[in-house]
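The structure under discussion appears below in the form of structure tokens.
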Amino acid sequence: MWRQGLFAGALAALLFPISATAQQLGLSGYYLNVGTHVAGSLLGPAGVSDVQRLRVMLNASPGPLRLDAAYEHTLSLRQAGAAGAQLFTATGTESGGDWFSLGGELDSGERTLGGHRVDMVWRHRVDRLSVRVDLGSSADLIVGRQPISWATTLFLSPADPFSPFDPADPFREYRAGVDAARLRIYRGAFTQFEVVARPARLGERETLTVLGRASSNHQGWDFGVWGGSLHGTFGGAAFLSGSVGLWALRAEGVLRAVDKRAVARGAIGVDRTFAIAGRDLYVVIEVQRDGFGATSPDELLAVAGSRPFGQGEMQVLGRAVGAVQLSWTLHPLVSASGLLLGSFHDRSFIASPGVSWSVSESVAVRGGVYLGVGEGAAVRGTEVRIGSEFGALPRVMFGSLNWFF
């Protein structure tokens, strides 16, 4: 219990002096409850789980400064012995590479609820804690834990070097914060330069990322480049986005130098909204080729243990991957969606249909299914062979409730 008390005291010391002097104070919150059923597989027997996430957010402007803070708790309950729904169990309270240990596991173990044995994990994390200083009318400096996104594409984003989303994650309301210092300089309405310095702890290793980025716009096309040292080795990227007719086009490419070899990575995508039967159908199509990825199922485990994957640079394991998402407005308050995420090399994919209902301005309910299609895992003697990237995934059914307050 001393850890909870110490952490609560630190937050109170941080918040109360600021609230007394702040010119503007914004306090808000977010609650997510996700219930899942996971089918039986080699990972374990069938079972149910529940994940609850509570987030409290503060924005304040004392004088020339601006504070951005967010604190989260996540409680995971899983039927003892059953496989967990990995899409949801780490939501909000885990981020690889944190330099400062502002969170962790509060409690875990087996409990009895309603006569059933469940495995419980309770975690917390300060997801954002940063201060922004205005340096005149054309520059600012942000120091602390903050979200940084350099992605151009929407699902497969190899040129996002900080905290890319899992492309199959249905809960993308908040990007995880990273510990960094970020200087931004603005030249006109569309041109921006920035430098980010980020120390990270990755297992037993400590790394330093220092990247510079320039972006601008010409005749409706956004473009730019970034480059520098990414976790201690060279990284550079170029990106472009605009429109061709009624289609939006997004593309990004990366060149990395890791383990004495140069590796090219890239993704391209298009998206468009169609009017069908008086309702909007939004379509996203993306394709990625990743030189770090596996070209056969026999390479999947090696890629999962590789340095780029451990550094959080990779979202999937395969060399060539595609994603298609459909979102259709059935009613002003109800929408249906579908996601296909697949590997071209082993011909496996995830299919995820779902439906969401906006109960009110602040409450939404969602339900869906994840189906892994392709060759599954098999046991050969004492070894487990992964037949494909997505085929070994068990079926997951979920229902969720989001509440913003």
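In the structure tokens, chains take the letters A, B, ... in the order shown, each chain's residues start at 1, and ligands count up from 1 in the order shown.
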
Could you name the residues that touch range 145-149 of chain A at 10 Å or less, counting only C-alpha atoms, but leaving out those on the same chain fewer than 5 positions away, as an mmCIF file with N, CA and C atoms, in the first residue's frame?
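Now in out05.cif:
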```
data_model
loop_
_atom_site.group_PDB
_atom_site.id
_atom_site.type_symbol
_atom_site.label_atom_id
_atom_site.label_comp_id
_atom_site.auth_asym_id
_atom_site.auth_seq_id
_atom_site.Cartn_x
_atom_site.Cartn_y
_atom_site.Cartn_z
ATOM 1 N N ASP A 68 0.166 19.483 -19.147
ATOM 2 C CA ASP A 68 -0.684 18.415 -19.675
ATOM 3 C C ASP A 68 -0.372 17.159 -18.871
ATOM 4 N N ALA A 69 -1.361 16.614 -18.176
ATOM 5 C CA ALA A 69 -1.147 15.439 -17.329
ATOM 6 C C ALA A 69 -2.278 14.444 -17.519
ATOM 7 N N ALA A 70 -1.950 13.159 -17.443
ATOM 8 C CA ALA A 70 -2.951 12.087 -17.505
ATOM 9 C C ALA A 70 -2.460 10.921 -16.668
ATOM 10 N N ASP A 98 9.904 3.478 -21.415
ATOM 11 C CA ASP A 98 9.789 4.582 -20.465
ATOM 12 C C ASP A 98 11.127 4.826 -19.767
ATOM 13 N N TRP A 99 11.566 6.088 -19.742
ATOM 14 C CA TRP A 99 12.796 6.451 -19.042
ATOM 15 C C TRP A 99 12.539 6.615 -17.551
ATOM 16 N N PHE A 100 11.411 7.234 -17.212
ATOM 17 C CA PHE A 100 11.024 7.413 -15.827
ATOM 18 C C PHE A 100 9.986 6.355 -15.456
ATOM 19 N N LEU A 102 7.108 5.853 -13.901
ATOM 20 C CA LEU A 102 5.937 6.527 -13.339
ATOM 21 C C LEU A 102 4.730 5.603 -13.421
ATOM 22 N N VAL A 126 1.387 7.024 -15.125
ATOM 23 C CA VAL A 126 1.261 8.410 -15.560
ATOM 24 C C VAL A 126 1.545 8.406 -17.061
ATOM 25 N N ASP A 127 0.513 8.598 -17.866
ATOM 26 C CA ASP A 127 0.673 8.502 -19.312
ATOM 27 C C ASP A 127 1.127 9.818 -19.931
ATOM 28 N N ARG A 128 0.804 10.933 -19.286
ATOM 29 C CA ARG A 128 1.270 12.235 -19.742
ATOM 30 C C ARG A 128 1.626 13.093 -18.536
ATOM 31 N N LEU A 129 2.726 13.783 -18.636
ATOM 32 C CA LEU A 129 3.137 14.733 -17.600
ATOM 33 C C LEU A 129 4.181 15.649 -18.237
ATOM 34 N N SER A 130 3.713 16.706 -18.868
ATOM 35 C CA SER A 130 4.611 17.571 -19.624
ATOM 36 C C SER A 130 4.264 19.034 -19.397
ATOM 37 N N VAL A 131 5.276 19.881 -19.662
ATOM 38 C CA VAL A 131 5.110 21.328 -19.576
ATOM 39 C C VAL A 131 5.513 21.931 -20.916
ATOM 40 N N SER A 157 2.094 2.240 -40.123
ATOM 41 C CA SER A 157 2.852 3.496 -40.082
ATOM 42 C C SER A 157 4.306 3.248 -39.691
ATOM 43 N N ALA A 159 6.894 4.876 -40.461
ATOM 44 C CA ALA A 159 7.640 6.110 -40.255
ATOM 45 C C ALA A 159 7.248 6.825 -38.970
ATOM 46 N N ASP A 160 6.501 6.171 -38.082
ATOM 47 C CA ASP A 160 6.198 6.722 -36.758
ATOM 48 C C ASP A 160 7.186 6.109 -35.771
ATOM 49 N N PRO A 161 8.248 6.827 -35.354
ATOM 50 C CA PRO A 161 9.318 6.205 -34.577
ATOM 51 C C PRO A 161 9.100 6.172 -33.072
ATOM 52 N N PHE A 162 7.963 6.663 -32.574
ATOM 53 C CA PHE A 162 7.821 6.806 -31.132
ATOM 54 C C PHE A 162 6.849 5.799 -30.511
ATOM 55 N N SER A 163 5.570 5.899 -30.792
ATOM 56 C CA SER A 163 4.600 4.974 -30.181
ATOM 57 C C SER A 163 3.484 4.667 -31.169
ATOM 58 N N PRO A 164 3.780 3.908 -32.225
ATOM 59 C CA PRO A 164 2.733 3.580 -33.200
ATOM 60 C C PRO A 164 1.664 2.684 -32.589
ATOM 61 N N PHE A 165 0.437 2.838 -33.058
ATOM 62 C CA PHE A 165 -0.657 1.996 -32.589
ATOM 63 C C PHE A 165 -0.521 0.580 -33.141
ATOM 64 N N TYR A 174 -6.368 7.306 -27.222
ATOM 65 C CA TYR A 174 -5.221 8.013 -26.676
ATOM 66 C C TYR A 174 -3.929 7.295 -27.061
ATOM 67 N N ARG A 175 -3.007 8.045 -27.652
ATOM 68 C CA ARG A 175 -1.686 7.520 -27.975
ATOM 69 C C ARG A 175 -0.827 7.553 -26.711
ATOM 70 N N ALA A 176 -0.055 6.497 -26.470
ATOM 71 C CA ALA A 176 0.780 6.435 -25.285
ATOM 72 C C ALA A 176 1.848 7.521 -25.310
ATOM 73 N N GLY A 177 2.104 8.129 -24.159
ATOM 74 C CA GLY A 177 3.109 9.172 -24.061
ATOM 75 C C GLY A 177 4.513 8.595 -23.939
ATOM 76 N N VAL A 178 5.498 9.353 -24.409
ATOM 77 C CA VAL A 178 6.911 8.980 -24.302
ATOM 78 C C VAL A 178 7.650 10.104 -23.597
ATOM 79 N N ASP A 179 8.746 9.758 -22.932
ATOM 80 C CA ASP A 179 9.553 10.741 -22.207
ATOM 81 C C ASP A 179 10.492 11.426 -23.193
ATOM 82 N N ALA A 180 10.303 12.733 -23.399
ATOM 83 C CA ALA A 180 11.062 13.417 -24.439
ATOM 84 C C ALA A 180 11.050 14.920 -24.211
ATOM 85 N N ALA A 181 11.986 15.583 -24.908
ATOM 86 C CA ALA A 181 11.981 17.041 -25.044
ATOM 87 C C ALA A 181 11.763 17.353 -26.519
ATOM 88 N N ARG A 182 10.858 18.299 -26.811
ATOM 89 C CA ARG A 182 10.441 18.556 -28.192
ATOM 90 C C ARG A 182 10.425 20.058 -28.458
ATOM 91 N N VAL A 196 13.333 16.373 -31.628
ATOM 92 C CA VAL A 196 12.902 15.581 -30.480
ATOM 93 C C VAL A 196 14.088 14.804 -29.936
ATOM 94 N N ARG A 198 14.788 11.862 -27.091
ATOM 95 C CA ARG A 198 14.075 10.906 -26.257
ATOM 96 C C ARG A 198 15.020 9.839 -25.705
#
```

Which residues are close to Thr74 in chain A, i.e. within 6 Å by only C-alpha atoms, leaving aside same-chain residues fewer than 2 positions away? Reply as JSON, numbers by chain. {"A": [52, 53, 122, 123]}

When you look at Gly391 in chain A with a cut-off of 9 Å (counting only C-alpha atoms), what residues show up, excluding the ones that are within fewer than 4 positions of it in the same chain? I need them as a list in words. Arg347, Ser348, Phe349, Ile350, Leu371, Gly372, Val373, Gly374, Glu375, Gly376, Ala377, Ile386 and Gly387 of chain A

Store the residues picked out above, limited to all heavy atoms, as a PDB file, in the first residue's frame.
```pdb
ATOM      1  N   ARG A 347      -0.412 -15.755 -46.332  1.00  0.00           N
ATOM      2  CA  ARG A 347      -1.839 -15.736 -46.669  1.00  0.00           C
ATOM      3  C   ARG A 347      -2.745 -15.927 -45.458  1.00  0.00           C
ATOM      4  O   ARG A 347      -3.804 -16.543 -45.550  1.00  0.00           O
ATOM      5  CB  ARG A 347      -2.147 -16.787 -47.743  1.00  0.00           C
ATOM      6  CG  ARG A 347      -1.392 -16.564 -49.044  1.00  0.00           C
ATOM      7  CD  ARG A 347      -1.736 -17.604 -50.081  1.00  0.00           C
ATOM      8  NE  ARG A 347      -0.960 -17.390 -51.312  1.00  0.00           N
ATOM      9  CZ  ARG A 347      -1.034 -18.159 -52.388  1.00  0.00           C
ATOM     10  NH1 ARG A 347      -1.868 -19.208 -52.385  1.00  0.00           N
ATOM     11  NH2 ARG A 347      -0.308 -17.910 -53.449  1.00  0.00           N
ATOM     12  N   SER A 348      -2.343 -15.406 -44.362  1.00  0.00           N
ATOM     13  CA  SER A 348      -3.193 -15.410 -43.172  1.00  0.00           C
ATOM     14  C   SER A 348      -3.697 -13.990 -42.927  1.00  0.00           C
ATOM     15  O   SER A 348      -3.092 -13.014 -43.379  1.00  0.00           O
ATOM     16  CB  SER A 348      -2.410 -15.904 -41.952  1.00  0.00           C
ATOM     17  OG  SER A 348      -1.380 -14.987 -41.594  1.00  0.00           O
ATOM     18  N   PHE A 349      -4.811 -13.882 -42.198  1.00  0.00           N
ATOM     19  CA  PHE A 349      -5.345 -12.551 -41.926  1.00  0.00           C
ATOM     20  C   PHE A 349      -6.257 -12.582 -40.710  1.00  0.00           C
ATOM     21  O   PHE A 349      -6.711 -13.644 -40.261  1.00  0.00           O
ATOM     22  CB  PHE A 349      -6.096 -11.984 -43.133  1.00  0.00           C
ATOM     23  CG  PHE A 349      -7.292 -12.802 -43.568  1.00  0.00           C
ATOM     24  CD1 PHE A 349      -8.556 -12.545 -43.065  1.00  0.00           C
ATOM     25  CD2 PHE A 349      -7.143 -13.826 -44.501  1.00  0.00           C
ATOM     26  CE1 PHE A 349      -9.653 -13.284 -43.472  1.00  0.00           C
ATOM     27  CE2 PHE A 349      -8.234 -14.566 -44.922  1.00  0.00           C
ATOM     28  CZ  PHE A 349      -9.497 -14.298 -44.409  1.00  0.00           C
ATOM     29  N   ILE A 350      -6.510 -11.394 -40.195  1.00  0.00           N
ATOM     30  CA  ILE A 350      -7.508 -11.174 -39.152  1.00  0.00           C
ATOM     31  C   ILE A 350      -8.719 -10.519 -39.803  1.00  0.00           C
ATOM     32  O   ILE A 350      -8.580  -9.554 -40.557  1.00  0.00           O
ATOM     33  CB  ILE A 350      -6.983 -10.245 -38.043  1.00  0.00           C
ATOM     34  CG1 ILE A 350      -5.829 -10.876 -37.265  1.00  0.00           C
ATOM     35  CG2 ILE A 350      -8.104  -9.891 -37.074  1.00  0.00           C
ATOM     36  CD1 ILE A 350      -5.226  -9.942 -36.246  1.00  0.00           C
ATOM     37  N   LEU A 371     -11.368 -12.770 -35.835  1.00  0.00           N
ATOM     38  CA  LEU A 371     -11.210 -14.132 -36.335  1.00  0.00           C
ATOM     39  C   LEU A 371      -9.861 -14.247 -37.032  1.00  0.00           C
ATOM     40  O   LEU A 371      -9.591 -13.514 -37.997  1.00  0.00           O
ATOM     41  CB  LEU A 371     -12.327 -14.486 -37.321  1.00  0.00           C
ATOM     42  CG  LEU A 371     -13.762 -14.398 -36.802  1.00  0.00           C
ATOM     43  CD1 LEU A 371     -14.734 -14.552 -37.957  1.00  0.00           C
ATOM     44  CD2 LEU A 371     -14.011 -15.461 -35.756  1.00  0.00           C
ATOM     45  N   GLY A 372      -9.024 -15.157 -36.567  1.00  0.00           N
ATOM     46  CA  GLY A 372      -7.759 -15.433 -37.232  1.00  0.00           C
ATOM     47  C   GLY A 372      -7.944 -16.515 -38.289  1.00  0.00           C
ATOM     48  O   GLY A 372      -8.461 -17.595 -37.986  1.00  0.00           O
ATOM     49  N   VAL A 373      -7.549 -16.237 -39.538  1.00  0.00           N
ATOM     50  CA  VAL A 373      -7.726 -17.175 -40.644  1.00  0.00           C
ATOM     51  C   VAL A 373      -6.359 -17.501 -41.225  1.00  0.00           C
ATOM     52  O   VAL A 373      -5.575 -16.604 -41.547  1.00  0.00           O
ATOM     53  CB  VAL A 373      -8.634 -16.578 -41.733  1.00  0.00           C
ATOM     54  CG1 VAL A 373      -8.789 -17.555 -42.891  1.00  0.00           C
ATOM     55  CG2 VAL A 373     -10.001 -16.218 -41.151  1.00  0.00           C
ATOM     56  N   GLY A 374      -6.075 -18.792 -41.370  1.00  0.00           N
ATOM     57  CA  GLY A 374      -4.784 -19.222 -41.894  1.00  0.00           C
ATOM     58  C   GLY A 374      -4.297 -20.449 -41.141  1.00  0.00           C
ATOM     59  O   GLY A 374      -4.983 -20.980 -40.255  1.00  0.00           O
ATOM     60  N   GLU A 375      -3.101 -20.908 -41.494  1.00  0.00           N
ATOM     61  CA  GLU A 375      -2.552 -22.090 -40.830  1.00  0.00           C
ATOM     62  C   GLU A 375      -2.242 -21.758 -39.378  1.00  0.00           C
ATOM     63  O   GLU A 375      -1.587 -20.762 -39.066  1.00  0.00           O
ATOM     64  CB  GLU A 375      -1.278 -22.546 -41.539  1.00  0.00           C
ATOM     65  CG  GLU A 375      -0.705 -23.831 -40.964  1.00  0.00           C
ATOM     66  CD  GLU A 375       0.523 -24.324 -41.714  1.00  0.00           C
ATOM     67  OE1 GLU A 375       0.803 -23.781 -42.808  1.00  0.00           O
ATOM     68  OE2 GLU A 375       1.195 -25.240 -41.196  1.00  0.00           O
ATOM     69  N   GLY A 376      -2.732 -22.608 -38.464  1.00  0.00           N
ATOM     70  CA  GLY A 376      -2.559 -22.366 -37.047  1.00  0.00           C
ATOM     71  C   GLY A 376      -1.252 -22.903 -36.507  1.00  0.00           C
ATOM     72  O   GLY A 376      -0.361 -23.345 -37.244  1.00  0.00           O
ATOM     73  N   ALA A 377      -1.128 -22.867 -35.201  1.00  0.00           N
ATOM     74  CA  ALA A 377       0.053 -23.403 -34.534  1.00  0.00           C
ATOM     75  C   ALA A 377      -0.090 -24.908 -34.372  1.00  0.00           C
ATOM     76  O   ALA A 377      -1.199 -25.443 -34.266  1.00  0.00           O
ATOM     77  CB  ALA A 377       0.234 -22.741 -33.176  1.00  0.00           C
ATOM     78  N   ILE A 386       4.699 -22.131 -35.400  1.00  0.00           N
ATOM     79  CA  ILE A 386       3.698 -21.143 -35.788  1.00  0.00           C
ATOM     80  C   ILE A 386       3.501 -21.255 -37.293  1.00  0.00           C
ATOM     81  O   ILE A 386       4.414 -20.991 -38.081  1.00  0.00           O
ATOM     82  CB  ILE A 386       4.135 -19.726 -35.412  1.00  0.00           C
ATOM     83  CG1 ILE A 386       4.477 -19.650 -33.924  1.00  0.00           C
ATOM     84  CG2 ILE A 386       3.050 -18.730 -35.771  1.00  0.00           C
ATOM     85  CD1 ILE A 386       3.325 -19.957 -33.010  1.00  0.00           C
ATOM     86  N   GLY A 387       2.307 -21.655 -37.733  1.00  0.00           N
ATOM     87  CA  GLY A 387       2.060 -21.880 -39.145  1.00  0.00           C
ATOM     88  C   GLY A 387       1.881 -20.615 -39.956  1.00  0.00           C
ATOM     89  O   GLY A 387       2.119 -20.608 -41.165  1.00  0.00           O
TER      90      GLY A 387
END
```

From the list A:Ser400, A:Ser343, A:Ser229, A:Ser388, which residue is nearest Val355 in chain A when using only C-alpha atoms? A:Ser400

Shell of 12 Å around Ser362 in chain A, only C-alpha atoms, local chain residues under 2 positions omitted, as a ChimeraX atom specification: /A:28-32,357-360,364-365,401-405

Let's see if you can do this: from backbone DSSP, list all strand (DSSP E or B) residues in range 148-193 of chain A, as a PyMOL selection string. chain A and resi 178-187+191-193

Shell around Gly109 in chain A at 8 Å using only C-alpha atoms, local window under 5 positions removed, as a ChimeraX atom specification: /A:119-121

Could the residues in this selection be saved with N, CA and C atoms as a short mmCIF file (atom, residue, chain, number, x, y, z; two decimals), in the first residue's frame?
```cif
data_model
loop_
_atom_site.label_atom_id
_atom_site.label_comp_id
_atom_site.auth_asym_id
_atom_site.auth_seq_id
_atom_site.Cartn_x
_atom_site.Cartn_y
_atom_site.Cartn_z
N ASP A 119 -7.56 -14.69 -12.56
CA ASP A 119 -6.25 -14.07 -12.46
C ASP A 119 -6.43 -12.56 -12.60
N MET A 120 -5.88 -11.83 -11.63
CA MET A 120 -6.08 -10.39 -11.58
C MET A 120 -4.74 -9.68 -11.71
N VAL A 121 -4.71 -8.62 -12.52
CA VAL A 121 -3.56 -7.73 -12.62
C VAL A 121 -4.06 -6.30 -12.56
#
```
